[in-house]
Amino acid sequence: MRVGLLTEGGYPYADGDARAWCDRLVRGLAQHEFEVYALGRGPGQRAGSWGELPPQVSRVRTAPLWGEPERRRGGRGGRRQRRRFAEHFAELAAAISVPYGSGAPHGSGVPGRSTVEADRFASGLYGLAELAGEYGGLSTALRSEDAVRTLERACHAPGTPRGAQQARLADLLSVAEALERALRPLSLDWYGGAGDPGLSGVDLCHAATGGAAVLPGLVAKRRFGTPLLLTEYGVRLRECYLAGAADAGDGRPLSGPLQAPSGAAQALSGPVRTLLAAFHGRLAAEAYARADLITPGNTHTRRWQERCGADRERLRTVYPGMDAARFAEVGEAGAAQAGGDDRTLVWVGRIEPPKDVIALLHAFAE
């Protein structure tokens, strides 16, 4: 099987999120061929800056989510192209102007994902992906004055919540820049052409995290019917919410999925945080709705995915594995024969639900 492994800020770079378990996964499945499609999060992650890869990794394609976008054909395009862009981007803008977490039918079990807004987001997203496939990159259009004006109209539409209505021109410029970075995977040349099949030639797309990394998998599923597997050990949407709360509390610039525009020296405003959080919420819901299988790495992540609309029938909790052989070298019997062991077992980490410190304390007690 040929697997397209989709990552962001992790494998195959030397460090980063989810790098270790991705490496164990690839090395443990030597019978399969892996093509890695990696999105870099910052200047420290550049093409070629990774360690030794196993032979089953046949190729690595990289693209940055930072700095200036790659210049590809497309530009602003002709009148028909601009009209189509305006229509699709207006749908997406309308969907994110309503905060994620509002508008769901009572008792639906899918808080914040009303059918209308979800459909508008999907229509806009895949319309933009189709446009990028036909005409090339969307970066110029996404940063254009037309895009900013479209965001402005969406935020000031009747019934829009106050958080979006308060957005000023500077806020809308920041949102447009952030959306351009987040949507860069739509404009990449990863989907095949000119003798290179790219993602059109893989048997499975495996997104190693949510967020931007899942976008190529969604596009491949839409265009080629490629099955999509999504693995999350930490929910990107949760990271987005936590980053927004931290920024509101201490004024520090954001990072990760809610990062400030390039070169920004100040924290993002409330309207910007609201709109970007809504975008990531809609994207997470779309990924959970379209993935053929979702494998959370812990129960806490699974609960988040269920609350965001993931179908329980397609959820399989897969805990991170590791080689336990080195921990069995001495064993309890060996320690007892040595006359007791006064060494102390120590754990260092954040006190938060995904770490499951309660289970750790029970294990220490036993």
# chains A, B, ... in the order shown; residues from 1 in each chain; ligands from 1
$ residues_around --residues "stretch 303-314 of chain A" --least-positions-apart "6" --cutoff "6 Å" --atoms "only C-alpha atoms" --output "ChimeraX atom specification"
/A:110,285,288,293-294
$ atom_distance --atom1 "atom CA of A:Ala154" --atom2 "atom CA of A:Ser187"
23.8 Å
$ residues_around --residues "A:Arg149" --least-positions-apart "2" --cutoff "12 Å" --atoms "only C-alpha atoms" --output "list in words"
Ala86, Phe89, Ala90, Ala93, Ala141, Leu142, Arg143, Ser144, Glu145, Asp146, Ala147, Leu151, Glu152, Arg153, Ala154, Cys155, His156, Ala167, Arg168, Leu169, Ala170, Asp171, Leu172, Leu173, Val175 and Ala176 of chain A
$ atom_distance --atom1 "atom CA of A:Thr115" --atom2 "atom CA of A:Leu92"
13.9 Å
$ residues_around --residues "A:Tyr37" --least-positions-apart "2" --cutoff "12 Å" --atoms "only C-alpha atoms" --output "JSON, numbers by chain"
{"A": [3, 4, 5, 6, 7, 8, 9, 10, 11, 12, 13, 34, 35, 39, 40, 47, 57, 58, 59, 60, 61, 62, 63, 64, 185, 188, 189, 190, 191, 198, 199, 202, 205, 206, 207, 208, 212, 213, 214, 215, 216, 217]}
$ select_by_dssp --residues "stretch 129-354 of chain A" --states "alpha helix (DSSP H)" --output "ChimeraX atom specification"
/A:129-135,139-142,145-155,162-165,169-182,215-224,236-250,270-290,299-307,331-337
$ closest_residue --among "A:Ala220, A:Gln166, A:Gly297, A:Ser200" --to "A:Pro320" --atoms "only C-alpha atoms"
A:Gly297
